[in-house]
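Asks: Below is my_file-v1.pdb; it holds PDB, C-alpha atoms (C1' of nucleotides).
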MODEL        1
ATOM      1  CA  MET A  31       8.672  11.248  39.481
ATOM      2  CA  ARG A  32       9.638  14.166  37.240
ATOM      3  CA  GLY A  33       7.728  15.304  34.227
ATOM      4  CA  TYR A  34       8.996  15.212  30.681
ATOM      5  CA  SER A  35       8.177  17.536  27.835
ATOM      6  CA  PRO A  36       6.846  15.993  24.635
ATOM      7  CA  SER A  37      10.144  16.396  22.847
ATOM      8  CA  GLU A  38      12.008  14.841  25.754
ATOM      9  CA  ALA A  39       9.613  11.929  25.783
ATOM     10  CA  ALA A  40      10.147  11.616  22.059
ATOM     11  CA  THR A  41      13.923  11.447  22.260
ATOM     12  CA  ARG A  42      13.863   9.097  25.239
ATOM     13  CA  SER A  43      11.412   6.706  23.648
ATOM     14  CA  GLY A  44      12.582   6.950  20.079
ATOM     15  CA  PHE A  45       9.113   7.835  18.837
ATOM     16  CA  SER A  46       8.444  11.053  16.972
ATOM     17  CA  LEU A  47       6.282  13.779  18.453
ATOM     18  CA  ASP A  48       3.657  13.042  15.880
ATOM     19  CA  THR A  49       3.714   9.396  16.792
ATOM     20  CA  LEU A  50       3.239  10.187  20.478
ATOM     21  CA  ARG A  51       0.237  12.321  19.642
ATOM     22  CA  TYR A  52      -1.037   9.622  17.329
ATOM     23  CA  TYR A  53      -0.684   6.989  20.035
ATOM     24  CA  GLU A  54      -2.704   9.113  22.396
ATOM     25  CA  LYS A  55      -5.308   9.775  19.739
ATOM     26  CA  ILE A  56      -5.924   6.087  19.104
ATOM     27  CA  GLY A  57      -6.052   5.332  22.799
ATOM     28  CA  LEU A  58      -2.790   3.482  23.133
ATOM     29  CA  LEU A  59      -1.610   6.098  25.574
ATOM     30  CA  SER A  60      -4.242   7.488  27.866
ATOM     31  CA  ASP A  61      -4.452   9.958  30.676
ATOM     32  CA  ILE A  62      -1.327  11.777  29.690
ATOM     33  CA  GLY A  63      -1.070  14.755  32.025
ATOM     34  CA  ARG A  64      -1.393  18.324  30.849
ATOM     35  CA  THR A  65      -0.180  21.674  32.080
ATOM     36  CA  SER A  66      -2.730  24.390  32.691
ATOM     37  CA  GLY A  67      -1.923  25.601  29.206
ATOM     38  CA  GLY A  68      -2.755  22.253  27.614
ATOM     39  CA  ARG A  69       0.741  20.934  26.963
ATOM     40  CA  ARG A  70       1.409  17.279  27.575
ATOM     41  CA  VAL A  71       3.535  16.230  30.515
ATOM     42  CA  PHE A  72       4.906  12.703  30.464
ATOM     43  CA  THR A  73       5.670  10.929  33.732
ATOM     44  CA  ASP A  74       8.231   8.208  34.381
ATOM     45  CA  ASP A  75       5.364   5.835  34.185
ATOM     46  CA  ASP A  76       4.326   7.053  30.764
ATOM     47  CA  LEU A  77       7.923   6.713  29.754
ATOM     48  CA  SER A  78       8.091   3.094  30.837
ATOM     49  CA  TRP A  79       4.938   2.439  28.838
ATOM     50  CA  LEU A  80       6.612   4.022  25.872
ATOM     51  CA  LEU A  81       9.656   1.844  26.302
ATOM     52  CA  LEU A  82       7.450  -1.200  26.376
ATOM     53  CA  PHE A  83       5.724  -0.054  23.213
ATOM     54  CA  ARG A  84       9.136   0.498  21.673
ATOM     55  CA  CYS A  85       9.995  -3.089  22.529
ATOM     56  CA  LEU A  86       6.765  -4.455  21.133
ATOM     57  CA  ARG A  87       6.961  -2.419  17.927
ATOM     58  CA  ASP A  88      10.600  -3.343  17.373
ATOM     59  CA  THR A  89       9.650  -6.969  17.669
ATOM     60  CA  GLY A  90       6.846  -6.542  15.170
ATOM     61  CA  MET A  91       3.706  -6.429  17.253
ATOM     62  CA  PRO A  92       0.881  -4.671  15.396
ATOM     63  CA  ILE A  93      -0.517  -1.574  17.045
ATOM     64  CA  ALA A  94      -3.942  -3.139  17.464
ATOM     65  CA  GLU A  95      -2.442  -5.757  19.729
ATOM     66  CA  MET A  96      -0.595  -3.199  21.801
ATOM     67  CA  CYS A  97      -3.925  -1.429  22.216
ATOM     68  CA  ARG A  98      -5.433  -4.658  23.431
ATOM     69  CA  TYR A  99      -2.637  -5.031  25.956
ATOM     70  CA  ALA A 100      -2.992  -1.459  27.181
ATOM     71  CA  GLU A 101      -6.718  -1.908  27.482
ATOM     72  CA  LEU A 102      -6.259  -5.024  29.580
ATOM     73  CA  ALA A 103      -3.834  -3.187  31.820
ATOM     74  CA  ARG A 104      -6.369  -0.399  32.288
ATOM     75  CA  ASP A 105      -9.000  -2.970  33.213
ATOM     76  CA  GLY A 106      -7.034  -3.832  36.310
ATOM     77  CA  GLU A 107      -4.968  -6.402  38.076
ATOM     78  CA  HIS A 108      -7.285  -9.291  37.279
ATOM     79  CA  THR A 109      -6.285  -9.233  33.614
ATOM     80  CA  ALA A 110      -2.665 -10.064  34.433
ATOM     81  CA  GLY A 111      -3.092 -13.613  33.177
ATOM     82  CA  GLN A 112      -4.413 -12.464  29.818
ATOM     83  CA  ARG A 113      -1.644  -9.938  29.481
ATOM     84  CA  GLN A 114       0.960 -12.558  30.249
ATOM     85  CA  ALA A 115      -0.557 -14.923  27.702
ATOM     86  CA  LEU A 116      -0.572 -12.174  25.102
ATOM     87  CA  LEU A 117       3.098 -11.469  25.669
ATOM     88  CA  GLU A 118       3.965 -15.143  25.596
ATOM     89  CA  ARG A 119       2.228 -15.664  22.288
ATOM     90  CA  HIS A 120       4.091 -12.690  20.982
ATOM     91  CA  ALA A 121       7.406 -13.986  22.294
ATOM     92  CA  GLU A 122       6.858 -17.203  20.379
ATOM     93  CA  ARG A 123       6.281 -15.272  17.204
ATOM     94  CA  VAL A 124       9.443 -13.324  17.876
ATOM     95  CA  GLU A 125      11.408 -16.534  18.300
ATOM     96  CA  GLU A 126      10.206 -17.720  14.911
ATOM     97  CA  GLN A 127      11.049 -14.373  13.458
ATOM     98  CA  MET A 128      14.576 -14.665  14.825
ATOM     99  CA  ARG A 129      14.992 -18.148  13.413
ATOM    100  CA  LEU A 130      13.805 -17.013   9.999
ATOM    101  CA  LEU A 131      16.054 -13.993  10.091
ATOM    102  CA  GLU A 132      19.049 -16.137  10.982
ATOM    103  CA  ARG A 133      18.284 -18.603   8.208
ATOM    104  CA  GLN A 134      17.954 -15.903   5.630
ATOM    105  CA  TYR A 135      21.019 -14.119   6.931
ATOM    106  CA  ALA A 136      22.960 -17.316   6.321
ATOM    107  CA  HIS A 137      21.542 -17.428   2.803
ATOM    108  CA  LEU A 138      22.602 -13.842   2.269
ATOM    109  CA  ARG A 139      26.109 -14.536   3.536
ATOM    110  CA  GLU A 140      26.392 -17.463   1.186
ATOM    111  CA  LYS A 141      25.429 -15.205  -1.677
ATOM    112  CA  ILE A 142      28.099 -12.755  -0.671
ATOM    113  CA  ARG A 143      30.672 -15.541  -0.505
ATOM    114  CA  PHE A 144      29.735 -16.367  -4.055
ATOM    115  CA  TYR A 145      30.829 -12.877  -5.064
ATOM    116  CA  GLU A 146      33.974 -13.072  -2.969
ATOM    117  CA  ARG A 147      35.063 -16.168  -4.844
ATOM    118  CA  LEU A 148      34.478 -14.457  -8.151
ATOM    119  CA  PRO A 149      37.538 -13.508 -10.219
ATOM    120  CA  VAL A 150      37.686  -9.764  -9.848
ATOM    121  CA  GLY A 151      38.327  -6.952 -12.299
ATOM    122  CA  PRO A 152      39.352  -7.267 -15.948
ATOM    123  CA  SER A 153      40.630 -10.812 -15.847
ATOM    124  CA  PRO A 154      39.578 -12.258 -19.176
ATOM    125  CA  ALA A 155      39.131 -15.724 -17.675
ATOM    126  CA  SER A 156      36.042 -17.740 -16.833
ATOM    127  CA  GLU A 157      32.819 -15.907 -17.336
ATOM    128  CA  SER A 158      29.603 -17.842 -17.164
ATOM    129  CA  ALA A 159      31.466 -20.656 -15.536
ATOM    130  CA  ASP A 160      31.325 -21.189 -11.789
ATOM    131  CA  ARG A 161      27.817 -19.890 -11.675
ATOM    132  CA  GLU A 162      25.553 -21.186  -9.020
ATOM    133  CA  SER A 163      23.504 -23.878 -10.641
ATOM    134  CA  SER A 164      22.117 -23.164 -14.064
ATOM    135  CA  THR A 165      23.572 -21.947 -17.274
ATOM    136  CA  SER A 166      21.936 -18.567 -17.588
ATOM    137  CA  SER A 167      21.896 -15.248 -15.735
ATOM    138  CA  ALA A 168      21.897 -16.417 -12.149
ATOM    139  CA  PRO A 169      21.094 -13.923  -9.426
TER     140      PRO A 169
ATOM    141  CA  MET B 165      15.598 -27.124 -16.568
ATOM    142  CA  ARG B 166      11.886 -27.780 -16.208
ATOM    143  CA  GLY B 167       9.201 -25.161 -16.354
ATOM    144  CA  TYR B 168       6.945 -24.239 -13.478
ATOM    145  CA  SER B 169       3.392 -23.003 -13.615
ATOM    146  CA  PRO B 170       2.614 -19.736 -11.864
ATOM    147  CA  SER B 171       0.969 -21.486  -8.953
ATOM    148  CA  GLU B 172       3.895 -23.859  -8.595
ATOM    149  CA  ALA B 173       6.294 -20.938  -8.601
ATOM    150  CA  ALA B 174       4.115 -19.292  -5.987
ATOM    151  CA  THR B 175       4.125 -22.223  -3.610
ATOM    152  CA  ARG B 176       7.817 -22.865  -4.114
ATOM    153  CA  SER B 177       8.784 -19.262  -3.513
ATOM    154  CA  GLY B 178       6.239 -18.385  -0.881
ATOM    155  CA  PHE B 179       4.981 -15.413  -2.864
ATOM    156  CA  SER B 180       1.375 -15.143  -3.932
ATOM    157  CA  LEU B 181       0.368 -15.276  -7.575
ATOM    158  CA  ASP B 182      -0.552 -11.636  -7.406
ATOM    159  CA  THR B 183       2.823 -10.804  -5.976
ATOM    160  CA  LEU B 184       4.608 -12.648  -8.769
ATOM    161  CA  ARG B 185       2.621 -10.711 -11.341
ATOM    162  CA  TYR B 186       3.288  -7.517  -9.430
ATOM    163  CA  TYR B 187       7.029  -8.225  -9.356
ATOM    164  CA  GLU B 188       7.019  -8.695 -13.076
ATOM    165  CA  LYS B 189       4.981  -5.549 -13.612
ATOM    166  CA  ILE B 190       7.433  -3.369 -11.709
ATOM    167  CA  GLY B 191      10.390  -4.921 -13.468
ATOM    168  CA  LEU B 192      11.815  -6.899 -10.611
ATOM    169  CA  LEU B 193      11.292 -10.049 -12.599
ATOM    170  CA  SER B 194      11.867  -9.739 -16.292
ATOM    171  CA  ASP B 195      11.795 -11.969 -19.319
ATOM    172  CA  ILE B 196       9.573 -14.531 -17.720
ATOM    173  CA  GLY B 197       8.771 -17.054 -20.424
ATOM    174  CA  ARG B 198       5.309 -17.535 -21.839
ATOM    175  CA  THR B 199       3.456 -20.342 -23.521
ATOM    176  CA  SER B 200       1.940 -19.713 -26.919
ATOM    177  CA  GLY B 201      -1.289 -18.929 -25.098
ATOM    178  CA  GLY B 202       0.325 -16.269 -22.939
ATOM    179  CA  ARG B 203       0.701 -18.144 -19.644
ATOM    180  CA  ARG B 204       3.835 -17.592 -17.654
ATOM    181  CA  VAL B 205       6.402 -20.360 -17.404
ATOM    182  CA  PHE B 206       8.996 -20.058 -14.663
ATOM    183  CA  THR B 207      12.383 -21.671 -15.098
ATOM    184  CA  ASP B 208      14.725 -22.977 -12.404
ATOM    185  CA  ASP B 209      16.608 -19.793 -12.878
ATOM    186  CA  ASP B 210      13.536 -17.666 -12.250
ATOM    187  CA  LEU B 211      12.925 -19.792  -9.190
ATOM    188  CA  SER B 212      16.364 -19.105  -7.794
ATOM    189  CA  TRP B 213      15.786 -15.412  -8.318
ATOM    190  CA  LEU B 214      12.554 -15.741  -6.424
ATOM    191  CA  LEU B 215      14.323 -17.499  -3.579
ATOM    192  CA  LEU B 216      16.837 -14.703  -3.429
ATOM    193  CA  PHE B 217      14.032 -12.151  -3.345
ATOM    194  CA  ARG B 218      12.408 -14.167  -0.603
ATOM    195  CA  CYS B 219      15.642 -13.929   1.366
ATOM    196  CA  LEU B 220      16.004 -10.212   0.795
ATOM    197  CA  ARG B 221      12.372  -9.463   1.642
ATOM    198  CA  ASP B 222      12.486 -11.604   4.763
ATOM    199  CA  THR B 223      15.505  -9.663   5.893
ATOM    200  CA  GLY B 224      13.748  -6.381   5.290
ATOM    201  CA  MET B 225      15.188  -5.093   2.057
ATOM    202  CA  PRO B 226      12.832  -2.631   0.373
ATOM    203  CA  ILE B 227      11.628  -3.582  -3.074
ATOM    204  CA  ALA B 228      13.293  -0.579  -4.680
ATOM    205  CA  GLU B 229      16.651  -1.922  -3.615
ATOM    206  CA  MET B 230      15.918  -5.371  -4.936
ATOM    207  CA  CYS B 231      15.036  -3.716  -8.222
ATOM    208  CA  ARG B 232      18.377  -1.992  -8.192
ATOM    209  CA  TYR B 233      20.111  -5.307  -7.633
ATOM    210  CA  ALA B 234      18.179  -7.007 -10.411
ATOM    211  CA  GLU B 235      18.960  -4.133 -12.745
ATOM    212  CA  LEU B 236      22.655  -4.401 -11.981
ATOM    213  CA  ALA B 237      22.536  -8.119 -12.646
ATOM    214  CA  ARG B 238      20.883  -7.467 -15.995
ATOM    215  CA  ASP B 239      23.594  -4.975 -16.846
ATOM    216  CA  GLY B 240      26.115  -7.769 -16.901
ATOM    217  CA  GLU B 241      29.082  -9.314 -15.246
ATOM    218  CA  HIS B 242      30.924  -6.036 -14.745
ATOM    219  CA  THR B 243      28.473  -4.920 -12.055
ATOM    220  CA  ALA B 244      29.391  -7.811  -9.779
ATOM    221  CA  GLY B 245      31.317  -5.492  -7.475
ATOM    222  CA  GLN B 246      28.377  -3.162  -7.047
ATOM    223  CA  ARG B 247      26.053  -6.061  -6.404
ATOM    224  CA  GLN B 248      28.398  -7.461  -3.808
ATOM    225  CA  ALA B 249      28.655  -4.097  -2.088
ATOM    226  CA  LEU B 250      24.899  -3.750  -2.079
ATOM    227  CA  LEU B 251      24.495  -7.129  -0.438
ATOM    228  CA  GLU B 252      27.201  -6.375   2.092
ATOM    229  CA  ARG B 253      25.577  -3.124   3.118
ATOM    230  CA  HIS B 254      22.353  -4.989   3.487
ATOM    231  CA  ALA B 255      23.977  -7.743   5.538
ATOM    232  CA  GLU B 256      25.247  -5.104   7.946
ATOM    233  CA  ARG B 257      21.771  -3.731   8.358
ATOM    234  CA  VAL B 258      20.508  -7.236   8.969
ATOM    235  CA  GLU B 259      23.112  -7.746  11.665
ATOM    236  CA  GLU B 260      21.928  -4.625  13.424
ATOM    237  CA  GLN B 261      18.381  -5.755  13.041
ATOM    238  CA  MET B 262      19.269  -9.065  14.675
ATOM    239  CA  ARG B 263      20.996  -7.340  17.559
ATOM    240  CA  LEU B 264      18.008  -5.070  18.131
ATOM    241  CA  LEU B 265      15.614  -7.959  17.930
ATOM    242  CA  GLU B 266      17.632  -9.913  20.464
ATOM    243  CA  ARG B 267      17.803  -6.959  22.829
ATOM    244  CA  GLN B 268      14.099  -6.358  22.647
ATOM    245  CA  TYR B 269      13.387 -10.045  22.942
ATOM    246  CA  ALA B 270      15.303 -10.017  26.218
ATOM    247  CA  HIS B 271      13.236  -7.037  27.333
ATOM    248  CA  LEU B 272      10.074  -8.913  26.449
ATOM    249  CA  ARG B 273      11.199 -12.006  28.331
ATOM    250  CA  GLU B 274      11.920  -9.893  31.360
ATOM    251  CA  LYS B 275       8.420  -8.490  31.176
ATOM    252  CA  ILE B 276       7.023 -11.983  31.044
ATOM    253  CA  ARG B 277       9.107 -13.024  34.056
ATOM    254  CA  PHE B 278       7.527 -10.125  35.903
ATOM    255  CA  TYR B 279       4.137 -11.729  35.323
ATOM    256  CA  GLU B 280       5.440 -15.158  36.266
ATOM    257  CA  ARG B 281       6.548 -13.853  39.625
ATOM    258  CA  LEU B 282       3.165 -12.291  40.237
ATOM    259  CA  PRO B 283       0.941 -13.905  42.890
ATOM    260  CA  VAL B 284      -1.739 -15.555  40.816
ATOM    261  CA  GLY B 285      -5.512 -15.704  41.204
ATOM    262  CA  PRO B 286      -7.588 -14.421  44.131
ATOM    263  CA  SER B 287      -4.856 -14.134  46.691
ATOM    264  CA  PRO B 288      -5.701 -11.028  48.710
ATOM    265  CA  ALA B 289      -2.050 -10.252  49.267
ATOM    266  CA  SER B 290       0.190  -7.553  47.839
ATOM    267  CA  GLU B 291      -1.385  -5.512  45.119
ATOM    268  CA  SER B 292       0.395  -2.426  43.938
ATOM    269  CA  ALA B 293       3.503  -3.644  45.674
ATOM    270  CA  ASP B 294       6.231  -5.427  43.753
ATOM    271  CA  ARG B 295       5.499  -3.347  40.715
ATOM    272  CA  GLU B 296       8.299  -2.555  38.409
ATOM    273  CA  SER B 297       9.454   0.850  39.412
ATOM    274  CA  SER B 298       6.855   3.434  40.138
ATOM    275  CA  THR B 299       3.771   3.562  42.275
ATOM    276  CA  SER B 300       1.096   3.736  39.644
ATOM    277  CA  SER B 301      -0.282   1.577  36.850
ATOM    278  CA  ALA B 302       2.901   0.146  35.431
ATOM    279  CA  PRO B 303       2.772  -1.564  32.060
TER     280      PRO B 303
ATOM    281  C1'  DT C 266     -17.304 -31.073 -27.488
ATOM    282  C1'  DT C 267     -17.961 -29.151 -23.413
ATOM    283  C1'  DT C 268     -16.545 -27.859 -19.147
ATOM    284  C1'  DC C 269     -14.070 -25.506 -15.719
ATOM    285  C1'  DA C 270     -10.152 -24.415 -13.088
ATOM    286  C1'  DA C 271      -6.250 -21.978 -13.851
ATOM    287  C1'  DC C 272      -4.598 -18.294 -15.983
ATOM    288  C1'  DC C 273      -4.483 -13.434 -18.281
ATOM    289  C1'  DT C 274      -4.721  -7.851 -18.136
ATOM    290  C1'  DG C 275      -5.282  -3.162 -16.389
ATOM    291  C1'  DG C 276      -6.385  -0.719 -12.862
ATOM    292  C1'  DA C 277      -8.519   0.357  -8.445
ATOM    293  C1'  DG C 278      -8.349  -0.331  -3.496
ATOM    294  C1'  DC C 279      -6.542  -1.354   0.941
ATOM    295  C1'  DG C 280      -4.249  -1.804   5.600
ATOM    296  C1'  DC C 281      -0.740  -0.162   8.183
ATOM    297  C1'  DG C 282       1.733   3.220  10.572
ATOM    298  C1'  DC C 283       2.755   7.046  10.601
ATOM    299  C1'  DT C 284       3.706  12.117   8.747
ATOM    300  C1'  DC C 285       2.502  16.577   7.382
ATOM    301  C1'  DC C 286      -0.137  20.738   7.331
ATOM    302  C1'  DA C 287      -2.731  24.958   8.540
ATOM    303  C1'  DG C 288      -3.856  27.828  11.696
ATOM    304  C1'  DG C 289      -3.659  28.832  16.249
ATOM    305  C1'  DT C 290      -1.822  28.991  21.576
ATOM    306  C1'  DC C 291       1.620  29.134  25.283
ATOM    307  C1'  DA C 292       5.493  30.631  27.969
ATOM    308  C1'  DA C 293      10.529  31.535  28.759
ATOM    309  C1'  DG C 294      13.965  34.975  27.807
ATOM    310  C1'  DC C 295      15.146  39.504  26.354
TER     311       DC C 295
ATOM    312  C1'  DG D  47       5.598  43.939  26.280
ATOM    313  C1'  DC D  48       7.513  41.205  22.453
ATOM    314  C1'  DT D  49       9.616  37.746  20.271
ATOM    315  C1'  DT D  50      10.250  33.085  19.268
ATOM    316  C1'  DG D  51      10.170  28.363  19.388
ATOM    317  C1'  DA D  52       7.934  24.625  21.285
ATOM    318  C1'  DC D  53       3.524  23.047  21.519
ATOM    319  C1'  DC D  54      -1.669  22.425  20.423
ATOM    320  C1'  DT D  55      -5.843  20.417  17.291
ATOM    321  C1'  DG D  56      -8.293  18.174  13.498
ATOM    322  C1'  DG D  57      -7.838  16.246   9.546
ATOM    323  C1'  DA D  58      -5.713  15.173   5.114
ATOM    324  C1'  DG D  59      -2.031  12.714   2.788
ATOM    325  C1'  DC D  60       1.484   9.385   1.995
ATOM    326  C1'  DG D  61       4.652   5.357   1.072
ATOM    327  C1'  DC D  62       4.865   0.686   1.009
ATOM    328  C1'  DG D  63       3.656  -3.726  -0.512
ATOM    329  C1'  DC D  64       0.697  -5.947  -1.868
ATOM    330  C1'  DT D  65      -4.423  -7.601  -2.863
ATOM    331  C1'  DC D  66      -8.618  -7.662  -5.197
ATOM    332  C1'  DC D  67     -11.664  -7.149  -9.012
ATOM    333  C1'  DA D  68     -14.008  -7.439 -13.586
ATOM    334  C1'  DG D  69     -14.077  -9.293 -17.605
ATOM    335  C1'  DG D  70     -11.940 -12.217 -20.710
ATOM    336  C1'  DT D  71      -8.814 -16.435 -22.500
ATOM    337  C1'  DT D  72      -6.664 -21.087 -22.323
ATOM    338  C1'  DG D  73      -6.198 -25.825 -22.303
ATOM    339  C1'  DA D  74      -6.433 -30.394 -20.077
ATOM    340  C1'  DA D  75      -9.713 -33.763 -18.627
ATOM    341  C1'  DA D  76     -14.221 -36.087 -19.075
TER     342       DA D  76
ENDMDL
END
For this file, write the structure as structure tokens.
Replies:
Amino acid sequence: MRGYSPSEAATRSGFSLDTLRYYEKIGLLSDIGRTSGGRRVFTDDDLSWLLLFRCLRDTGMPIAEMCRYAELARDGEHTAGQRQALLERHAERVEEQMRLLERQYAHLREKIRFYERLPVGPSPASESADRESSTSSAP
Amino acid sequence: MRGYSPSEAATRSGFSLDTLRYYEKIGLLSDIGRTSGGRRVFTDDDLSWLLLFRCLRDTGMPIAEMCRYAELARDGEHTAGQRQALLERHAERVEEQMRLLERQYAHLREKIRFYERLPVGPSPASESADRESSTSSAP
DNA sequence: TTTCAACCTGGAGCGCGCTCCAGGTCAAGC
DNA sequence: GCTTGACCTGGAGCGCGCTCCAGGTTGAAA
């Protein structure tokens, strides 16, 4: 149950100092402890919240929805069902995101293979042949 | 080699009409054909560019970099190497993105399993036990 | 011939998620 | 006691990628 300085919390969570302050300002983080002098002190608990937020942001959840989740958590144990549902909906979106990403990655790889097959350097041979489909400047 | 109306190009590419116009304005698309009356006519070739842009956007490439790619393509066959390199760098970033997404998806799933294990509804049993790690309001 | 939806242009506006700044305070080390 | 760097606040600004708007034109169908 140690306390972490703002910069330590920043490095551990991967958020910038400004972002941590911003998150507190908009109410995503709340009740962050302070020293007598007014400096923030982050607990392990705060840190695990931050890691969750890191997860949710990295998977594309908008901040407004994270706020909703945090709010529910603050409202107490009886919102557990809603929180679970929220995360499950998000997980589904993430799955779709992963499928899309994989599809488009395959597309990208195909494109790269097109270049790999290309005759390289100053070989005066086929230009404008073995294009992809059409006859003009293909991507 | 048919021609497509703007709205057809939009639905086929998944970009909005405004986005297509925007892409032309910033020079990402160029030399889009016009009717005598000034309406855009998209060719199959334009469409395949759009599908490539769709791929690159979906995988997170910034527009500026797509512009760079398009510019290189316009500069002719001799930039093929640069274009290939650009795509390969991007593919590497996409791979990292996929790894991160998968990691965080696992994290998210774990979180959800935490809720699934939770005693549900008005069972007066353990509250504030079987939390994740600490003793206070865990995420 | 008239209608009307689809299109055109230039430019302003917006939502998101930070990021930066000025001007000040705090506290650990010398 | 002084220095110095980490921290504080409120609020403005920014970069990105569109999105919307006003006001006008086009062209296919009825």
Asks: Any idea which chain D residues end up within 12 Å of chain B if we count only C-alpha atoms (C1' of nucleotides), as a VMD selection string please?
Replies: chain D and resid 61 to 66 71 to 73
Asks: Write out, as CSV, each residue of chain B that has an atom at most 6 Å from chain A, together with the closest pair of atoms and their distance in Å to one decimal, counting only C-alpha atoms, rows going by chain and rising number.
Replies:
residue,atom,partner,partner_atom,distance
B:Trp213,CA,A:Pro169,CA,5.6
B:Cys219,CA,A:Gln134,CA,5.2
B:Gln268,CA,A:Cys85,CA,5.2
B:Pro303,CA,A:Trp79,CA,5.6
Asks: Suppose you want the space between C1' of DG294 (chain C) and CA of Arg42 (chain A); what is it in Å?
Replies: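 Separating C1' of DG294 (chain C) from CA of Arg42 (chain A) is a distance of 26.0 Å.
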Asks: B:Leu181, B:Leu193, B:Leu211, B:Cys231: which is nearest chain C, counting all atoms listed in the file?
Replies: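 Closest to chain C of all the choices is B:Leu181.
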Asks: Select, as a PyMOL selection string, those residues of chain C with any atom no more than 12 Å from chain B (distances computed using all atoms listed in the file).
Replies: chain C and resi 271-275
Asks: To one decimal place in Å, what is the distance between CA of Tyr187 (chain B) and CA of Ala228 (chain B)?
Replies: 10.9 Å
Asks: Evaluate the PyMOL selection byres ((chain D and resi 58) around 12) here and jot the selected residues down as a list in words.
Replies: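 When the PyMOL selection byres ((chain D and resi 58) around 12) is applied, the selected residues are DT284, DC285, DC286 and DA287 of chain C; DG56, DG57, DG59 and DC60 of chain D.
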Asks: Give the answer as one residue: which of C:DA293, C:DA277, C:DC283, C:DC269 has the shortest atom-to-atom distance to DT49 (chain D), using only C-alpha atoms (C1' of nucleotides)?
Replies: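 Of C:DA293, C:DA277, C:DC283, C:DC269, the one nearest DT49 (chain D) is C:DA293, counting only C-alpha atoms (C1' of nucleotides).
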Asks: Quick one, how far is CA of Glu126 (chain A) from CA of Arg253 (chain B)?
Replies: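 Between these atoms lies a distance of 24.3 Å.
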Asks: Expand the PyMOL selection byres ((chain C and resi 268) around 12) into the individual residues it matches in the shown file, reporting them as a list in words.
Replies: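 Applying the PyMOL selection byres ((chain C and resi 268) around 12) to the structure shown produces DT266, DT267, DC269 and DA270 of chain C; DG73, DA74, DA75 and DA76 of chain D.
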